[in-house]
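Asker: The structure file query.cif (mmCIF, N, CA and C atoms) is provided below.
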```cif
data_model
loop_
_atom_site.group_PDB
_atom_site.id
_atom_site.type_symbol
_atom_site.label_atom_id
_atom_site.label_comp_id
_atom_site.auth_asym_id
_atom_site.auth_seq_id
_atom_site.Cartn_x
_atom_site.Cartn_y
_atom_site.Cartn_z
ATOM 1 N N MET A 287 0.847 -1.175 0.000
ATOM 2 C CA MET A 287 0.000 0.000 0.000
ATOM 3 C C MET A 287 0.893 1.238 0.000
ATOM 4 N N SER A 288 0.620 2.161 -0.879
ATOM 5 C CA SER A 288 1.430 3.376 -0.921
ATOM 6 C C SER A 288 0.880 4.408 0.062
ATOM 7 N N HIS A 289 1.775 5.245 0.536
ATOM 8 C CA HIS A 289 1.387 6.295 1.471
ATOM 9 C C HIS A 289 1.126 7.586 0.709
ATOM 10 N N PRO A 290 0.204 8.386 1.193
ATOM 11 C CA PRO A 290 -0.032 9.673 0.546
ATOM 12 C C PRO A 290 1.176 10.583 0.742
ATOM 13 N N ASN A 291 1.345 11.518 -0.160
ATOM 14 C CA ASN A 291 2.397 12.506 -0.025
ATOM 15 C C ASN A 291 1.846 13.641 0.838
ATOM 16 N N VAL A 292 2.315 13.733 2.075
ATOM 17 C CA VAL A 292 1.763 14.679 3.036
ATOM 18 C C VAL A 292 2.824 15.697 3.442
ATOM 19 N N THR A 293 2.456 16.973 3.395
ATOM 20 C CA THR A 293 3.299 18.039 3.923
ATOM 21 C C THR A 293 2.506 18.771 4.994
ATOM 22 N N ILE A 294 3.097 18.868 6.170
ATOM 23 C CA ILE A 294 2.484 19.580 7.288
ATOM 24 C C ILE A 294 3.206 20.912 7.431
ATOM 25 N N VAL A 295 2.441 21.983 7.518
ATOM 26 C CA VAL A 295 3.019 23.310 7.713
ATOM 27 C C VAL A 295 2.587 23.811 9.088
ATOM 28 N N VAL A 296 3.563 24.103 9.939
ATOM 29 C CA VAL A 296 3.280 24.617 11.276
ATOM 30 C C VAL A 296 3.519 26.118 11.265
ATOM 31 N N VAL A 297 2.474 26.851 11.603
ATOM 32 C CA VAL A 297 2.540 28.311 11.645
ATOM 33 C C VAL A 297 2.085 28.729 13.042
ATOM 34 N N PRO A 298 3.013 28.813 13.995
ATOM 35 C CA PRO A 298 2.611 29.146 15.355
ATOM 36 C C PRO A 298 2.101 30.575 15.465
ATOM 37 N N ARG A 299 1.240 30.758 16.430
ATOM 38 C CA ARG A 299 0.739 32.107 16.691
ATOM 39 C C ARG A 299 1.440 32.645 17.919
ATOM 40 N N GLU A 300 0.837 33.505 18.662
ATOM 41 C CA GLU A 300 1.483 34.232 19.748
ATOM 42 C C GLU A 300 2.031 33.363 20.875
ATOM 43 N N ARG A 301 1.674 32.124 20.939
ATOM 44 C CA ARG A 301 2.032 31.274 22.075
ATOM 45 C C ARG A 301 3.288 30.457 21.798
ATOM 46 N N PHE A 302 4.424 31.091 21.930
ATOM 47 C CA PHE A 302 5.686 30.398 21.693
ATOM 48 C C PHE A 302 5.909 29.273 22.704
ATOM 49 N N SER A 303 5.286 29.367 23.871
ATOM 50 C CA SER A 303 5.494 28.368 24.920
ATOM 51 C C SER A 303 5.000 26.978 24.523
ATOM 52 N N TYR A 304 4.132 26.884 23.518
ATOM 53 C CA TYR A 304 3.624 25.581 23.089
ATOM 54 C C TYR A 304 4.443 24.962 21.956
ATOM 55 N N ALA A 305 5.402 25.664 21.436
ATOM 56 C CA ALA A 305 6.120 25.207 20.244
ATOM 57 C C ALA A 305 6.824 23.871 20.456
ATOM 58 N N ARG A 306 7.567 23.747 21.527
ATOM 59 C CA ARG A 306 8.323 22.517 21.776
ATOM 60 C C ARG A 306 7.385 21.320 21.937
ATOM 61 N N ALA A 307 6.374 21.452 22.771
ATOM 62 C CA ALA A 307 5.437 20.349 23.011
ATOM 63 C C ALA A 307 4.685 19.975 21.742
ATOM 64 N N SER A 308 4.292 20.957 20.949
ATOM 65 C CA SER A 308 3.540 20.638 19.731
ATOM 66 C C SER A 308 4.421 19.932 18.706
ATOM 67 N N LEU A 309 5.682 20.344 18.600
ATOM 68 C CA LEU A 309 6.594 19.684 17.667
ATOM 69 C C LEU A 309 6.855 18.239 18.095
ATOM 70 N N GLU A 310 7.102 18.032 19.382
ATOM 71 C CA GLU A 310 7.328 16.678 19.889
ATOM 72 C C GLU A 310 6.089 15.809 19.704
ATOM 73 N N SER A 311 4.917 16.359 19.949
ATOM 74 C CA SER A 311 3.668 15.621 19.782
ATOM 75 C C SER A 311 3.436 15.245 18.324
ATOM 76 N N LEU A 312 3.756 16.145 17.433
ATOM 77 C CA LEU A 312 3.600 15.879 16.005
ATOM 78 C C LEU A 312 4.408 14.651 15.595
ATOM 79 N N TYR A 313 5.663 14.599 16.015
ATOM 80 C CA TYR A 313 6.503 13.458 15.656
ATOM 81 C C TYR A 313 6.094 12.186 16.392
ATOM 82 N N GLU A 314 5.613 12.320 17.607
ATOM 83 C CA GLU A 314 5.217 11.149 18.387
ATOM 84 C C GLU A 314 3.924 10.509 17.880
ATOM 85 N N HIS A 315 2.973 11.313 17.427
ATOM 86 C CA HIS A 315 1.643 10.799 17.111
ATOM 87 C C HIS A 315 1.307 10.700 15.629
ATOM 88 N N THR A 316 2.189 11.122 14.763
ATOM 89 C CA THR A 316 1.910 11.030 13.332
ATOM 90 C C THR A 316 2.539 9.749 12.802
ATOM 91 N N GLN A 317 1.700 8.843 12.342
ATOM 92 C CA GLN A 317 2.157 7.510 11.960
ATOM 93 C C GLN A 317 2.572 7.384 10.497
ATOM 94 N N ILE A 318 2.090 8.251 9.640
ATOM 95 C CA ILE A 318 2.445 8.155 8.224
ATOM 96 C C ILE A 318 3.633 9.069 7.933
ATOM 97 N N PRO A 319 4.409 8.742 6.912
ATOM 98 C CA PRO A 319 5.532 9.614 6.552
ATOM 99 C C PRO A 319 5.025 11.002 6.145
ATOM 100 N N PHE A 320 5.769 12.014 6.507
ATOM 101 C CA PHE A 320 5.364 13.377 6.167
ATOM 102 C C PHE A 320 6.590 14.268 6.020
ATOM 103 N N ASN A 321 6.388 15.353 5.308
ATOM 104 C CA ASN A 321 7.369 16.427 5.240
ATOM 105 C C ASN A 321 6.851 17.535 6.141
ATOM 106 N N LEU A 322 7.769 18.225 6.797
ATOM 107 C CA LEU A 322 7.368 19.301 7.692
ATOM 108 C C LEU A 322 8.028 20.600 7.264
ATOM 109 N N ILE A 323 7.226 21.650 7.222
ATOM 110 C CA ILE A 323 7.723 23.011 7.043
ATOM 111 C C ILE A 323 7.290 23.774 8.286
ATOM 112 N N TYR A 324 8.258 24.292 9.015
ATOM 113 C CA TYR A 324 7.972 25.022 10.251
ATOM 114 C C TYR A 324 8.310 26.487 10.027
ATOM 115 N N VAL A 325 7.338 27.362 10.212
ATOM 116 C CA VAL A 325 7.531 28.797 10.010
ATOM 117 C C VAL A 325 7.696 29.452 11.381
ATOM 118 N N ASP A 326 8.844 30.077 11.592
ATOM 119 C CA ASP A 326 9.170 30.701 12.871
ATOM 120 C C ASP A 326 9.315 32.202 12.687
ATOM 121 N N GLY A 327 8.394 32.956 13.246
ATOM 122 C CA GLY A 327 8.432 34.411 13.137
ATOM 123 C C GLY A 327 8.955 35.064 14.398
ATOM 124 N N ASN A 328 10.272 35.202 14.487
ATOM 125 C CA ASN A 328 10.938 35.927 15.574
ATOM 126 C C ASN A 328 10.641 35.350 16.957
ATOM 127 N N SER A 329 10.809 34.056 17.106
ATOM 128 C CA SER A 329 10.614 33.446 18.417
ATOM 129 C C SER A 329 11.774 33.828 19.341
ATOM 130 N N PRO A 330 11.593 33.661 20.661
ATOM 131 C CA PRO A 330 12.670 33.953 21.610
ATOM 132 C C PRO A 330 13.919 33.111 21.315
ATOM 133 N N GLY A 331 15.072 33.600 21.734
ATOM 134 C CA GLY A 331 16.361 32.993 21.411
ATOM 135 C C GLY A 331 16.488 31.506 21.685
ATOM 136 N N LYS A 332 16.082 31.062 22.883
ATOM 137 C CA LYS A 332 16.196 29.634 23.218
ATOM 138 C C LYS A 332 15.346 28.779 22.290
ATOM 139 N N LEU A 333 14.154 29.240 21.998
ATOM 140 C CA LEU A 333 13.273 28.488 21.103
ATOM 141 C C LEU A 333 13.828 28.489 19.685
ATOM 142 N N LYS A 334 14.345 29.609 19.250
ATOM 143 C CA LYS A 334 14.930 29.707 17.914
ATOM 144 C C LYS A 334 16.063 28.692 17.758
ATOM 145 N N SER A 335 16.913 28.578 18.780
ATOM 146 C CA SER A 335 18.014 27.604 18.760
ATOM 147 C C SER A 335 17.486 26.174 18.763
ATOM 148 N N TYR A 336 16.486 25.910 19.607
ATOM 149 C CA TYR A 336 15.883 24.578 19.675
ATOM 150 C C TYR A 336 15.317 24.169 18.319
ATOM 151 N N LEU A 337 14.593 25.075 17.677
ATOM 152 C CA LEU A 337 14.001 24.757 16.376
ATOM 153 C C LEU A 337 15.077 24.480 15.331
ATOM 154 N N ALA A 338 16.148 25.254 15.352
ATOM 155 C CA ALA A 338 17.245 25.025 14.405
ATOM 156 C C ALA A 338 17.885 23.659 14.637
ATOM 157 N N GLU A 339 18.086 23.285 15.895
ATOM 158 C CA GLU A 339 18.649 21.965 16.221
ATOM 159 C C GLU A 339 17.722 20.849 15.757
ATOM 160 N N GLN A 340 16.436 20.999 16.016
ATOM 161 C CA GLN A 340 15.470 19.973 15.620
ATOM 162 C C GLN A 340 15.356 19.861 14.106
ATOM 163 N N ALA A 341 15.394 20.977 13.424
ATOM 164 C CA ALA A 341 15.334 20.950 11.957
ATOM 165 C C ALA A 341 16.525 20.187 11.401
ATOM 166 N N GLN A 342 17.684 20.407 11.996
ATOM 167 C CA GLN A 342 18.899 19.715 11.556
ATOM 168 C C GLN A 342 18.793 18.212 11.831
ATOM 169 N N SER A 343 18.371 17.837 13.033
ATOM 170 C CA SER A 343 18.347 16.417 13.397
ATOM 171 C C SER A 343 17.191 15.646 12.757
ATOM 172 N N LYS A 344 16.038 16.279 12.576
ATOM 173 C CA LYS A 344 14.873 15.577 12.023
ATOM 174 C C LYS A 344 14.701 15.807 10.526
ATOM 175 N N GLY A 345 15.428 16.763 9.986
ATOM 176 C CA GLY A 345 15.401 16.977 8.544
ATOM 177 C C GLY A 345 14.192 17.731 8.021
ATOM 178 N N PHE A 346 13.598 18.602 8.828
ATOM 179 C CA PHE A 346 12.487 19.386 8.302
ATOM 180 C C PHE A 346 12.967 20.768 7.870
ATOM 181 N N LYS A 347 12.135 21.421 7.072
ATOM 182 C CA LYS A 347 12.476 22.749 6.561
ATOM 183 C C LYS A 347 12.016 23.797 7.565
ATOM 184 N N LEU A 348 12.941 24.648 7.979
ATOM 185 C CA LEU A 348 12.648 25.701 8.942
ATOM 186 C C LEU A 348 12.801 27.048 8.260
ATOM 187 N N LEU A 349 11.728 27.817 8.262
ATOM 188 C CA LEU A 349 11.754 29.176 7.721
ATOM 189 C C LEU A 349 11.716 30.137 8.900
ATOM 190 N N GLN A 350 12.776 30.922 9.080
ATOM 191 C CA GLN A 350 12.847 31.845 10.208
ATOM 192 C C GLN A 350 12.949 33.281 9.724
ATOM 193 N N THR A 351 12.284 34.167 10.454
ATOM 194 C CA THR A 351 12.399 35.597 10.178
ATOM 195 C C THR A 351 12.833 36.302 11.459
ATOM 196 N N ASP A 352 13.367 37.493 11.319
ATOM 197 C CA ASP A 352 13.784 38.293 12.466
ATOM 198 C C ASP A 352 12.703 39.280 12.886
ATOM 199 N N TYR A 353 11.498 39.055 12.438
ATOM 200 C CA TYR A 353 10.388 39.929 12.784
ATOM 201 C C TYR A 353 9.141 39.072 12.988
ATOM 202 N N TYR A 354 8.216 39.591 13.800
ATOM 203 C CA TYR A 354 6.976 38.877 14.079
ATOM 204 C C TYR A 354 6.142 38.769 12.806
ATOM 205 N N LEU A 355 5.522 37.620 12.628
ATOM 206 C CA LEU A 355 4.661 37.388 11.468
ATOM 207 C C LEU A 355 3.209 37.254 11.914
ATOM 208 N N TYR A 356 2.341 37.955 11.244
ATOM 209 C CA TYR A 356 0.920 37.702 11.438
ATOM 210 C C TYR A 356 0.605 36.366 10.778
ATOM 211 N N PRO A 357 -0.420 35.656 11.245
ATOM 212 C CA PRO A 357 -0.710 34.327 10.696
ATOM 213 C C PRO A 357 -0.803 34.285 9.171
ATOM 214 N N ASN A 358 -1.485 35.226 8.563
ATOM 215 C CA ASN A 358 -1.587 35.207 7.101
ATOM 216 C C ASN A 358 -0.245 35.450 6.429
ATOM 217 N N GLN A 359 0.602 36.276 7.021
ATOM 218 C CA GLN A 359 1.945 36.481 6.472
ATOM 219 C C GLN A 359 2.731 35.177 6.515
ATOM 220 N N ALA A 360 2.664 34.482 7.639
ATOM 221 C CA ALA A 360 3.414 33.239 7.803
ATOM 222 C C ALA A 360 2.960 32.180 6.804
ATOM 223 N N ARG A 361 1.677 32.109 6.551
ATOM 224 C CA ARG A 361 1.167 31.105 5.612
ATOM 225 C C ARG A 361 1.531 31.425 4.170
ATOM 226 N N ASN A 362 1.929 32.652 3.901
ATOM 227 C CA ASN A 362 2.236 33.053 2.530
ATOM 228 C C ASN A 362 3.724 33.211 2.253
ATOM 229 N N LEU A 363 4.574 32.713 3.123
ATOM 230 C CA LEU A 363 6.017 32.805 2.864
ATOM 231 C C LEU A 363 6.437 31.916 1.722
#
```
Could you quickly redo this structure as C-alpha coordinates?
Answerer:
Amino acid sequence: MSHPNVTIVVVPRERFSYARASLESLYEHTQIPFNLIYVDGNSPGKLKSYLAEQAQSKGFKLLQTDYYLYPNQARNL
(Lines of atoms letter the chains of each structure in order from A and count residues from 1; the text may use other names and numbers.)
(Lines give C-alpha, C1' and ligand atoms only; values in the text may rest on other atoms or scores of the structure.)
Protein backbone atom coordinates (compact mmCIF):
# COMPACT_ATOMS: atom_id res chain seq x y z
CA MET A 1 0.00 0.00 0.00
CA SER A 2 1.43 3.38 -0.92
CA HIS A 3 1.39 6.30 1.47
CA PRO A 4 -0.03 9.67 0.55
CA ASN A 5 2.40 12.51 -0.02
CA VAL A 6 1.76 14.68 3.04
CA THR A 7 3.30 18.04 3.92
CA ILE A 8 2.48 19.58 7.29
CA VAL A 9 3.02 23.31 7.71
CA VAL A 10 3.28 24.62 11.28
CA VAL A 11 2.54 28.31 11.65
CA PRO A 12 2.61 29.15 15.36
CA ARG A 13 0.74 32.11 16.69
CA GLU A 14 1.48 34.23 19.75
CA ARG A 15 2.03 31.27 22.07
CA PHE A 16 5.69 30.40 21.69
CA SER A 17 5.49 28.37 24.92
CA TYR A 18 3.62 25.58 23.09
CA ALA A 19 6.12 25.21 20.24
CA ARG A 20 8.32 22.52 21.78
CA ALA A 21 5.44 20.35 23.01
CA SER A 22 3.54 20.64 19.73
CA LEU A 23 6.59 19.68 17.67
CA GLU A 24 7.33 16.68 19.89
CA SER A 25 3.67 15.62 19.78
CA LEU A 26 3.60 15.88 16.01
CA TYR A 27 6.50 13.46 15.66
CA GLU A 28 5.22 11.15 18.39
CA HIS A 29 1.64 10.80 17.11
CA THR A 30 1.91 11.03 13.33
CA GLN A 31 2.16 7.51 11.96
CA ILE A 32 2.44 8.16 8.22
CA PRO A 33 5.53 9.61 6.55
CA PHE A 34 5.36 13.38 6.17
CA ASN A 35 7.37 16.43 5.24
CA LEU A 36 7.37 19.30 7.69
CA ILE A 37 7.72 23.01 7.04
CA TYR A 38 7.97 25.02 10.25
CA VAL A 39 7.53 28.80 10.01
CA ASP A 40 9.17 30.70 12.87
CA GLY A 41 8.43 34.41 13.14
CA ASN A 42 10.94 35.93 15.57
CA SER A 43 10.61 33.45 18.42
CA PRO A 44 12.67 33.95 21.61
CA GLY A 45 16.36 32.99 21.41
CA LYS A 46 16.20 29.63 23.22
CA LEU A 47 13.27 28.49 21.10
CA LYS A 48 14.93 29.71 17.91
CA SER A 49 18.01 27.60 18.76
CA TYR A 50 15.88 24.58 19.68
CA LEU A 51 14.00 24.76 16.38
CA ALA A 52 17.24 25.03 14.41
CA GLU A 53 18.65 21.97 16.22
CA GLN A 54 15.47 19.97 15.62
CA ALA A 55 15.33 20.95 11.96
CA GLN A 56 18.90 19.71 11.56
CA SER A 57 18.35 16.42 13.40
CA LYS A 58 14.87 15.58 12.02
CA GLY A 59 15.40 16.98 8.54
CA PHE A 60 12.49 19.39 8.30
CA LYS A 61 12.48 22.75 6.56
CA LEU A 62 12.65 25.70 8.94
CA LEU A 63 11.75 29.18 7.72
CA GLN A 64 12.85 31.84 10.21
CA THR A 65 12.40 35.60 10.18
CA ASP A 66 13.78 38.29 12.47
CA TYR A 67 10.39 39.93 12.78
CA TYR A 68 6.98 38.88 14.08
CA LEU A 69 4.66 37.39 11.47
CA TYR A 70 0.92 37.70 11.44
CA PRO A 71 -0.71 34.33 10.70
CA ASN A 72 -1.59 35.21 7.10
CA GLN A 73 1.94 36.48 6.47
CA ALA A 74 3.41 33.24 7.80
CA ARG A 75 1.17 31.11 5.61
CA ASN A 76 2.24 33.05 2.53
CA LEU A 77 6.02 32.80 2.86
Asker: So what do you get for atom CA of Arg301 of chain A versus atom CA of Ser329 of chain A, distance-wise?
Answerer: 9.6 Å
Asker: Using DSSP on the backbone coordinates, identify the residues of segment 313-351 of chain A assigned to strand (DSSP E or B); present them as a ChimeraX atom specification.
Answerer: /A:321-327,347-351
Asker: Using the chain letters and numbers from this document, which residues of chain A does DSSP assign to helix (DSSP H, G or I), as a VMD selection string?
Answerer: chain A and resid 302 to 315 331 to 344 357 to 361
Asker: By how many Å are atom CA of Ala360 of chain A and atom CA of Asn328 of chain A apart?
Answerer: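 Distance reported for this atom pair: 11.1 Å.
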Asker: Figure out the distance between atom C of Gly327 of chain A and atom CA of Thr351 of chain A, please, to one decimal in Å.
Answerer: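 These two atoms are separated by 5.5 Å.
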Asker: Which residue out of A:Leu355, A:Leu337, A:Val295, A:Leu363 has the minimum interatomic distance to Glu310 of chain A when only C-alpha atoms are used?
Answerer: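 With only C-alpha atoms as the atom set, the closest residue is A:Leu337.
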Asker: Point out the residue among A:Ser335, A:Leu349, A:Pro357, A:Asn362 with the least atom-to-atom distance to Arg299 of chain A, counting all atoms listed in the file.
Answerer: A:Pro357
Asker: Using all atoms listed in the file, find the one residue out of A:Glu300, A:Arg306, A:Ser288, A:Pro319 that sits nearest to Tyr336 of chain A.
Answerer: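 Ranking A:Glu300, A:Arg306, A:Ser288, A:Pro319 by distance to Tyr336 of chain A, first place goes to A:Arg306.
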Asker: Looking at only C-alpha atoms, which of A:Leu312, A:Ala341, A:Val292, A:Ala307 is the one that sits closest to Asp326 of chain A?
Answerer: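 Of all the options, A:Ala341 lies closest to Asp326 of chain A.
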